[in-house]
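Reproduced below: entry_18.cif, with mmCIF, C-alpha atoms.
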```cif
data_entry
loop_
_atom_site.group_PDB
_atom_site.id
_atom_site.type_symbol
_atom_site.label_atom_id
_atom_site.label_comp_id
_atom_site.auth_asym_id
_atom_site.auth_seq_id
_atom_site.Cartn_x
_atom_site.Cartn_y
_atom_site.Cartn_z
ATOM 1 C CA MET B 1 0.000 0.000 0.000
ATOM 2 C CA ALA B 2 1.415 3.396 -0.977
ATOM 3 C CA THR B 3 2.074 5.867 1.812
ATOM 4 C CA HIS B 4 0.689 9.404 1.697
ATOM 5 C CA ALA B 5 4.165 10.711 0.768
ATOM 6 C CA GLN B 6 4.451 8.166 -2.061
ATOM 7 C CA THR B 7 0.993 9.065 -3.384
ATOM 8 C CA ASP B 8 2.010 12.734 -3.386
ATOM 9 C CA PHE B 9 5.206 11.811 -5.207
ATOM 10 C CA PHE B 10 3.317 9.817 -7.873
ATOM 11 C CA GLN B 11 1.102 12.858 -8.458
ATOM 12 C CA LYS B 12 4.207 15.034 -8.759
ATOM 13 C CA VAL B 13 5.711 12.637 -11.346
ATOM 14 C CA ARG B 14 2.489 12.736 -13.383
ATOM 15 C CA GLN B 15 2.554 16.537 -13.264
ATOM 16 C CA TRP B 16 6.178 16.533 -14.497
ATOM 17 C CA GLN B 17 5.207 14.239 -17.358
ATOM 18 C CA ASP B 18 2.422 16.652 -18.333
ATOM 19 C CA GLU B 19 4.878 19.567 -18.213
ATOM 20 C CA ILE B 20 7.233 17.837 -20.645
ATOM 21 C CA GLY B 21 4.683 18.134 -23.416
ATOM 22 C CA THR B 22 4.119 21.850 -22.815
ATOM 23 C CA THR B 23 7.647 23.092 -22.110
ATOM 24 C CA ARG B 24 10.106 24.041 -24.845
ATOM 25 C CA ARG B 25 13.371 22.164 -24.314
ATOM 26 C CA THR B 26 16.402 24.248 -23.435
ATOM 27 C CA PRO B 27 19.598 23.464 -21.501
ATOM 28 C CA ALA B 28 17.911 24.988 -18.428
ATOM 29 C CA THR B 29 14.802 22.816 -18.701
ATOM 30 C CA ASP B 30 16.944 19.741 -19.431
ATOM 31 C CA SER B 31 18.760 20.276 -16.128
ATOM 32 C CA GLN B 32 15.360 20.446 -14.405
ATOM 33 C CA TRP B 33 14.419 17.082 -15.948
ATOM 34 C CA VAL B 34 17.735 15.592 -14.793
ATOM 35 C CA LYS B 35 17.004 16.809 -11.248
ATOM 36 C CA ARG B 36 13.530 15.316 -11.414
ATOM 37 C CA LEU B 37 14.918 11.994 -12.628
ATOM 38 C CA GLU B 38 17.283 12.010 -9.660
ATOM 39 C CA ASP B 39 14.243 12.523 -7.405
ATOM 40 C CA VAL B 40 12.509 9.524 -9.012
ATOM 41 C CA ASP B 41 15.647 7.388 -8.570
ATOM 42 C CA ARG B 42 15.863 8.381 -4.914
ATOM 43 C CA GLU B 43 12.191 7.506 -4.399
ATOM 44 C CA ILE B 44 12.697 4.123 -6.124
ATOM 45 C CA ASP B 45 15.636 3.373 -3.825
ATOM 46 C CA GLN B 46 13.679 4.371 -0.705
ATOM 47 C CA SER B 47 10.478 2.509 -1.571
ATOM 48 C CA LYS B 48 9.948 -0.689 0.397
ATOM 49 C CA ASP B 49 6.986 -1.885 -1.650
ATOM 50 C CA ALA B 50 7.721 -3.796 -4.884
ATOM 51 C CA SER B 51 4.523 -2.558 -6.516
ATOM 52 C CA ASP B 52 5.403 1.073 -5.768
ATOM 53 C CA ARG B 53 8.943 0.573 -7.109
ATOM 54 C CA ARG B 54 7.509 -0.929 -10.279
ATOM 55 C CA SER B 55 5.107 2.015 -10.717
ATOM 56 C CA LEU B 56 7.944 4.474 -10.194
ATOM 57 C CA LYS B 57 10.112 2.625 -12.721
ATOM 58 C CA ILE B 58 7.277 2.792 -15.253
ATOM 59 C CA SER B 59 6.931 6.533 -14.642
ATOM 60 C CA LYS B 60 10.684 6.948 -14.969
ATOM 61 C CA ALA B 61 10.791 5.058 -18.274
ATOM 62 C CA ILE B 62 7.902 7.087 -19.722
ATOM 63 C CA PHE B 63 9.605 10.248 -18.513
ATOM 64 C CA LEU B 64 12.933 9.208 -20.103
ATOM 65 C CA SER B 65 11.199 8.499 -23.388
ATOM 66 C CA GLU B 66 9.530 11.908 -23.326
ATOM 67 C CA VAL B 67 12.905 13.661 -22.919
ATOM 68 C CA ASP B 68 14.374 11.631 -25.807
ATOM 69 C CA ARG B 69 16.472 9.224 -23.765
ATOM 70 C CA GLN B 70 15.106 6.204 -25.602
ATOM 71 C CA ASP B 71 17.927 3.736 -24.855
ATOM 72 C CA GLU B 72 17.406 4.136 -21.111
ATOM 73 C CA ALA B 73 13.620 3.969 -21.458
ATOM 74 C CA ILE B 74 13.789 0.835 -23.626
ATOM 75 C CA LYS B 75 16.059 -0.907 -21.104
ATOM 76 C CA ILE B 76 13.652 -0.187 -18.234
ATOM 77 C CA PHE B 77 10.586 -1.289 -20.223
ATOM 78 C CA GLU B 78 12.317 -4.504 -21.277
ATOM 79 C CA ASP B 79 13.432 -5.190 -17.687
ATOM 80 C CA LEU B 80 9.914 -4.591 -16.381
ATOM 81 C CA LEU B 81 8.428 -6.914 -18.998
ATOM 82 C CA SER B 82 10.866 -9.674 -18.047
ATOM 83 C CA GLU B 83 10.134 -9.389 -14.291
ATOM 84 C CA LYS B 84 8.030 -12.051 -12.672
ATOM 85 C CA PRO B 85 4.708 -10.631 -11.454
ATOM 86 C CA THR B 86 4.198 -10.278 -7.723
ATOM 87 C CA GLU B 87 1.641 -12.514 -6.069
ATOM 88 C CA LYS B 88 -0.545 -9.451 -5.395
ATOM 89 C CA VAL B 89 -1.077 -8.870 -9.133
ATOM 90 C CA SER B 90 -3.976 -10.746 -10.732
ATOM 91 C CA SER B 91 -3.616 -12.261 -14.191
ATOM 92 C CA VAL B 92 -5.985 -9.592 -15.576
ATOM 93 C CA GLU B 93 -3.896 -6.789 -14.064
ATOM 94 C CA GLN B 94 -0.729 -8.427 -15.406
ATOM 95 C CA HIS B 95 -2.292 -8.668 -18.874
ATOM 96 C CA ILE B 96 -3.237 -4.969 -18.852
ATOM 97 C CA LEU B 97 0.156 -3.946 -17.482
ATOM 98 C CA SER B 98 1.886 -5.992 -20.184
ATOM 99 C CA GLU B 99 -0.169 -4.220 -22.867
ATOM 100 C CA TYR B 100 0.800 -0.795 -21.568
ATOM 101 C CA LEU B 101 4.466 -1.640 -21.037
ATOM 102 C CA ASN B 102 4.645 -3.017 -24.578
ATOM 103 C CA PHE B 103 2.842 0.058 -25.907
ATOM 104 C CA TYR B 104 5.360 2.439 -24.341
ATOM 105 C CA LEU B 105 8.217 0.170 -25.411
ATOM 106 C CA GLY B 106 6.909 0.286 -28.983
ATOM 107 C CA ARG B 107 6.647 4.079 -28.826
ATOM 108 C CA ALA B 108 10.242 4.301 -27.558
ATOM 109 C CA TYR B 109 11.433 2.065 -30.410
ATOM 110 C CA PHE B 110 9.506 4.266 -32.861
ATOM 111 C CA LYS B 111 10.995 7.483 -31.458
ATOM 112 C CA LYS B 112 14.454 5.927 -31.733
ATOM 113 C CA GLY B 113 13.792 5.028 -35.381
ATOM 114 C CA GLN B 114 13.786 1.272 -34.772
ATOM 115 C CA LEU B 115 10.711 0.751 -36.911
ATOM 116 C CA LYS B 116 10.985 -3.038 -37.199
ATOM 117 C CA GLN B 117 11.119 -3.519 -33.413
ATOM 118 C CA ALA B 118 8.304 -0.999 -32.929
ATOM 119 C CA LYS B 119 6.117 -2.794 -35.452
ATOM 120 C CA GLU B 120 6.812 -6.197 -33.860
ATOM 121 C CA THR B 121 6.013 -4.842 -30.415
ATOM 122 C CA PHE B 122 2.739 -3.271 -31.541
ATOM 123 C CA ASN B 123 1.719 -6.469 -33.318
ATOM 124 C CA GLN B 124 2.391 -8.400 -30.080
ATOM 125 C CA ILE B 125 -0.080 -6.093 -28.333
ATOM 126 C CA LEU B 126 -2.717 -6.787 -30.986
ATOM 127 C CA ASP B 127 -2.149 -10.513 -30.386
ATOM 128 C CA LEU B 128 -3.077 -9.921 -26.710
ATOM 129 C CA SER B 129 -6.593 -8.742 -27.739
ATOM 130 C CA PRO B 130 -6.281 -5.305 -26.136
ATOM 131 C CA ASN B 131 -9.149 -3.113 -25.014
ATOM 132 C CA THR B 132 -10.716 -0.852 -27.637
ATOM 133 C CA LYS B 133 -8.757 2.279 -26.670
ATOM 134 C CA MET B 134 -5.427 0.428 -26.671
ATOM 135 C CA GLN B 135 -6.242 -1.213 -30.004
ATOM 136 C CA PHE B 136 -6.919 2.214 -31.504
ATOM 137 C CA GLU B 137 -3.647 3.656 -30.141
ATOM 138 C CA VAL B 138 -1.669 0.649 -31.407
ATOM 139 C CA GLU B 139 -3.223 0.728 -34.866
ATOM 140 C CA LEU B 140 -2.647 4.481 -35.086
ATOM 141 C CA SER B 141 0.990 3.907 -34.104
ATOM 142 C CA LEU B 142 1.304 1.197 -36.751
ATOM 143 C CA ALA B 143 -0.037 3.658 -39.348
ATOM 144 C CA GLN B 144 2.659 6.123 -38.258
ATOM 145 C CA ILE B 145 5.285 3.398 -38.665
ATOM 146 C CA TYR B 146 4.033 2.589 -42.171
ATOM 147 C CA LEU B 147 4.229 6.277 -43.057
ATOM 148 C CA ALA B 148 7.733 6.632 -41.622
ATOM 149 C CA ASP B 149 8.754 3.538 -43.582
ATOM 150 C CA SER B 150 7.185 4.954 -46.806
ATOM 151 C CA ASN B 151 4.735 2.053 -46.911
ATOM 152 C CA PHE B 152 1.866 4.278 -47.993
ATOM 153 C CA LYS B 153 -0.378 1.469 -49.242
ATOM 154 C CA GLN B 154 -0.457 -0.253 -45.839
ATOM 155 C CA ALA B 155 -0.822 3.091 -44.071
ATOM 156 C CA ARG B 156 -3.831 3.934 -46.266
ATOM 157 C CA GLN B 157 -5.450 0.519 -45.662
ATOM 158 C CA LEU B 158 -5.061 0.771 -41.905
ATOM 159 C CA LEU B 159 -6.190 4.403 -41.773
ATOM 160 C CA THR B 160 -9.251 3.580 -43.885
ATOM 161 C CA LYS B 161 -10.187 0.861 -41.396
ATOM 162 C CA LEU B 162 -9.590 3.209 -38.464
ATOM 163 C CA GLU B 163 -11.543 6.034 -40.087
ATOM 164 C CA LYS B 164 -14.613 3.828 -40.415
ATOM 165 C CA LYS B 165 -14.379 2.588 -36.818
ATOM 166 C CA GLN B 166 -13.593 5.941 -35.190
ATOM 167 C CA ARG B 167 -15.890 8.291 -37.085
ATOM 168 C CA ARG B 168 -17.151 11.013 -34.687
ATOM 169 C CA GLN B 169 -15.102 9.601 -31.803
ATOM 170 C CA ASP B 170 -11.983 10.636 -29.913
ATOM 171 C CA GLY B 171 -8.882 10.396 -32.058
ATOM 172 C CA TYR B 172 -10.687 10.964 -35.329
ATOM 173 C CA ASP B 173 -8.699 14.150 -35.958
ATOM 174 C CA GLN B 174 -5.446 12.174 -35.699
ATOM 175 C CA ILE B 175 -6.690 9.707 -38.300
ATOM 176 C CA VAL B 176 -7.700 12.477 -40.693
ATOM 177 C CA TYR B 177 -4.317 14.169 -40.241
ATOM 178 C CA LEU B 178 -2.388 10.952 -40.970
ATOM 179 C CA PHE B 179 -4.702 10.178 -43.865
ATOM 180 C CA ALA B 180 -3.959 13.584 -45.399
ATOM 181 C CA LYS B 181 -0.244 13.022 -44.837
ATOM 182 C CA THR B 182 -0.492 9.626 -46.561
ATOM 183 C CA GLU B 183 -2.435 10.973 -49.517
ATOM 184 C CA ASN B 184 0.011 13.859 -49.874
ATOM 185 C CA SER B 185 2.943 11.395 -49.901
ATOM 186 C CA ILE B 186 1.302 9.219 -52.532
ATOM 187 C CA SER B 187 0.525 12.123 -54.911
#
```
Take the structure in the file and write it out as C-alpha cells.
Amino acid sequence: MATHAQTDFFQKVRQWQDEIGTTRRTPATDSQWVKRLEDVDREIDQSKDASDRRSLKISKAIFLSEVDRQDEAIKIFEDLLSEKPTEKVSSVEQHILSEYLNFYLGRAYFKKGQLKQAKETFNQILDLSPNTKMQFEVELSLAQIYLADSNFKQARQLLTKLEKKQRRQDGYDQIVYLFAKTENSIS
C-alpha cells in the first residue's frame, strides 16, 4: 500500500510528465528534468513496496522516453516486462500492465527510429486482444510506422479501417491528419 508521501510523489511525477509536453526544451529545462529523474531514482531506492517501485520505474521510463532518452527507457521497459509478477497482481492486471508496457516500449522504439522492433512490439499487443482504446492507439501507431517507412499502401489501408471505426469519436482528428499526410505522400 502506498504511503501518503508516495501518493504525493506519484502525483508530482504525473505533473512533471504533463509539463514535458508543454515546455520548450532548453539546456535549463533539461537540467530540471535531470534533477527530477534524480528525485525519481531516490524515491525508487527508498520505496519498500515492490509494486510502488515498479510504478515508479514505469513513470521513470515514460519520462525518459519523453525527454528523448530512448535507450534508457527501452532498457527499463524490457526489464519490467521480463520481471516475474508479484503474487498481489492478478492475471488480468498483469495482462493490462503488459499491454501498456509493450505500448510504451513500442513508442520508444519508434521514437528511436527502430521501426521493425516498434512494429513487432505493436503487433504483439494486438495478439493480446487489447481493449478498444489500446487497439486504436496501437493501430494508429502502426499507421505512423508505415508512413515513416514509406509504406503508404499499408498506411492507407489501416487508416481507412480506423476512419470507419472511429468516425465522430476521440482520435478521429489524428486519423484524418495521418490520412492527409499519406495521400500527400502518394501524390
At a cut-off of 7 Å, using only C-alpha atoms, what residues contact range 74-79 of chain B? Leave out same-chain residues fewer than 3 positions from it and give the result as an mmCIF file with C-alpha atoms, keeping the file's coordinate frame.
```cif
data_model
loop_
_atom_site.group_PDB
_atom_site.id
_atom_site.type_symbol
_atom_site.label_atom_id
_atom_site.label_comp_id
_atom_site.auth_asym_id
_atom_site.auth_seq_id
_atom_site.Cartn_x
_atom_site.Cartn_y
_atom_site.Cartn_z
ATOM 1 C CA ALA B 61 10.791 5.058 -18.274
ATOM 2 C CA GLN B 70 15.106 6.204 -25.602
ATOM 3 C CA ASP B 71 17.927 3.736 -24.855
ATOM 4 C CA SER B 82 10.866 -9.674 -18.047
ATOM 5 C CA GLU B 83 10.134 -9.389 -14.291
ATOM 6 C CA LEU B 101 4.466 -1.640 -21.037
ATOM 7 C CA LEU B 105 8.217 0.170 -25.411
ATOM 8 C CA ALA B 108 10.242 4.301 -27.558
#
```
Matched chain/residue IDs from the PyMOL selection byres ((chain B and resi 133-143) around 9), as a PDB file with C-alpha atoms, in the frame of the given file:
```pdb
ATOM      1  CA  GLU B  99      -0.169  -4.220 -22.867  1.00  0.00           C
ATOM      2  CA  TYR B 100       0.800  -0.795 -21.568  1.00  0.00           C
ATOM      3  CA  PHE B 103       2.842   0.058 -25.907  1.00  0.00           C
ATOM      4  CA  GLY B 106       6.909   0.286 -28.983  1.00  0.00           C
ATOM      5  CA  ARG B 107       6.647   4.079 -28.826  1.00  0.00           C
ATOM      6  CA  PHE B 110       9.506   4.266 -32.861  1.00  0.00           C
ATOM      7  CA  ALA B 118       8.304  -0.999 -32.929  1.00  0.00           C
ATOM      8  CA  LYS B 119       6.117  -2.794 -35.452  1.00  0.00           C
ATOM      9  CA  PHE B 122       2.739  -3.271 -31.541  1.00  0.00           C
ATOM     10  CA  ASN B 123       1.719  -6.469 -33.318  1.00  0.00           C
ATOM     11  CA  ILE B 125      -0.080  -6.093 -28.333  1.00  0.00           C
ATOM     12  CA  LEU B 126      -2.717  -6.787 -30.986  1.00  0.00           C
ATOM     13  CA  SER B 129      -6.593  -8.742 -27.739  1.00  0.00           C
ATOM     14  CA  PRO B 130      -6.281  -5.305 -26.136  1.00  0.00           C
ATOM     15  CA  ASN B 131      -9.149  -3.113 -25.014  1.00  0.00           C
ATOM     16  CA  THR B 132     -10.716  -0.852 -27.637  1.00  0.00           C
ATOM     17  CA  GLN B 144       2.659   6.123 -38.258  1.00  0.00           C
ATOM     18  CA  ILE B 145       5.285   3.398 -38.665  1.00  0.00           C
ATOM     19  CA  TYR B 146       4.033   2.589 -42.171  1.00  0.00           C
ATOM     20  CA  LEU B 147       4.229   6.277 -43.057  1.00  0.00           C
ATOM     21  CA  ALA B 148       7.733   6.632 -41.622  1.00  0.00           C
ATOM     22  CA  PHE B 152       1.866   4.278 -47.993  1.00  0.00           C
ATOM     23  CA  GLN B 154      -0.457  -0.253 -45.839  1.00  0.00           C
ATOM     24  CA  ALA B 155      -0.822   3.091 -44.071  1.00  0.00           C
ATOM     25  CA  ARG B 156      -3.831   3.934 -46.266  1.00  0.00           C
ATOM     26  CA  GLN B 157      -5.450   0.519 -45.662  1.00  0.00           C
ATOM     27  CA  LEU B 158      -5.061   0.771 -41.905  1.00  0.00           C
ATOM     28  CA  LEU B 159      -6.190   4.403 -41.773  1.00  0.00           C
ATOM     29  CA  LEU B 162      -9.590   3.209 -38.464  1.00  0.00           C
ATOM     30  CA  GLN B 166     -13.593   5.941 -35.190  1.00  0.00           C
ATOM     31  CA  GLY B 171      -8.882  10.396 -32.058  1.00  0.00           C
ATOM     32  CA  GLN B 174      -5.446  12.174 -35.699  1.00  0.00           C
ATOM     33  CA  ILE B 175      -6.690   9.707 -38.300  1.00  0.00           C
ATOM     34  CA  LEU B 178      -2.388  10.952 -40.970  1.00  0.00           C
TER      35      LEU B 178
END
```
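Distances here use all atoms listed in the file; by that measure, the residue among B:Leu128, B:Val92, B:Ile44, B:Leu37 closest to Glu66 in chain B is B:Leu37.
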* Asked: Using only C-alpha atoms, which residue out of B:Lys116, B:Glu183, B:Ser47, B:Tyr109 lies closest to Ala73 in chain B?
  ->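 With only C-alpha atoms as the atom set, the closest residue is B:Tyr109.
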* To do: Measuring atom to atom with all atoms listed in the file, identify which of B:Leu81, B:Ile186, B:Leu64, B:Ile96 is nearest to Glu38 in chain B.
  =>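 Using all atoms listed in the file, Glu38 in chain B sits closest to B:Leu64.
You will find CA of Leu56 in chain B at 18.3 Å from CA of Asp68 in chain B.
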* What is the CA of Asp52 in chain B-CA of Pro85 in chain B distance in Å, reported with one decimal? ->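 Those two atoms sit 13.0 Å apart.
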* Straight-line distance linking CA of Ile58 in chain B with CA of Ser91 in chain B, stated in Å to one decimal ->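 Going from CA of Ile58 in chain B over to CA of Ser91 in chain B, I get 18.6 Å.
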* **B:Gln124, B:Tyr104, B:Leu97, B:Gln32 ranked by distance to Ile62 in chain B, top pick (using all atoms listed in the file)** =>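 So, comparing all the options, the nearest one is B:Tyr104.
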Padded axis-aligned box of range 62-78 of chain B (5 Å per side), centre and edge lengths, Å, one decimal, as JSON:
```
{"center_x": 12.9, "center_y": 4.6, "center_z": -22.0, "size_x": 20.0, "size_y": 28.2, "size_z": 17.6}
```
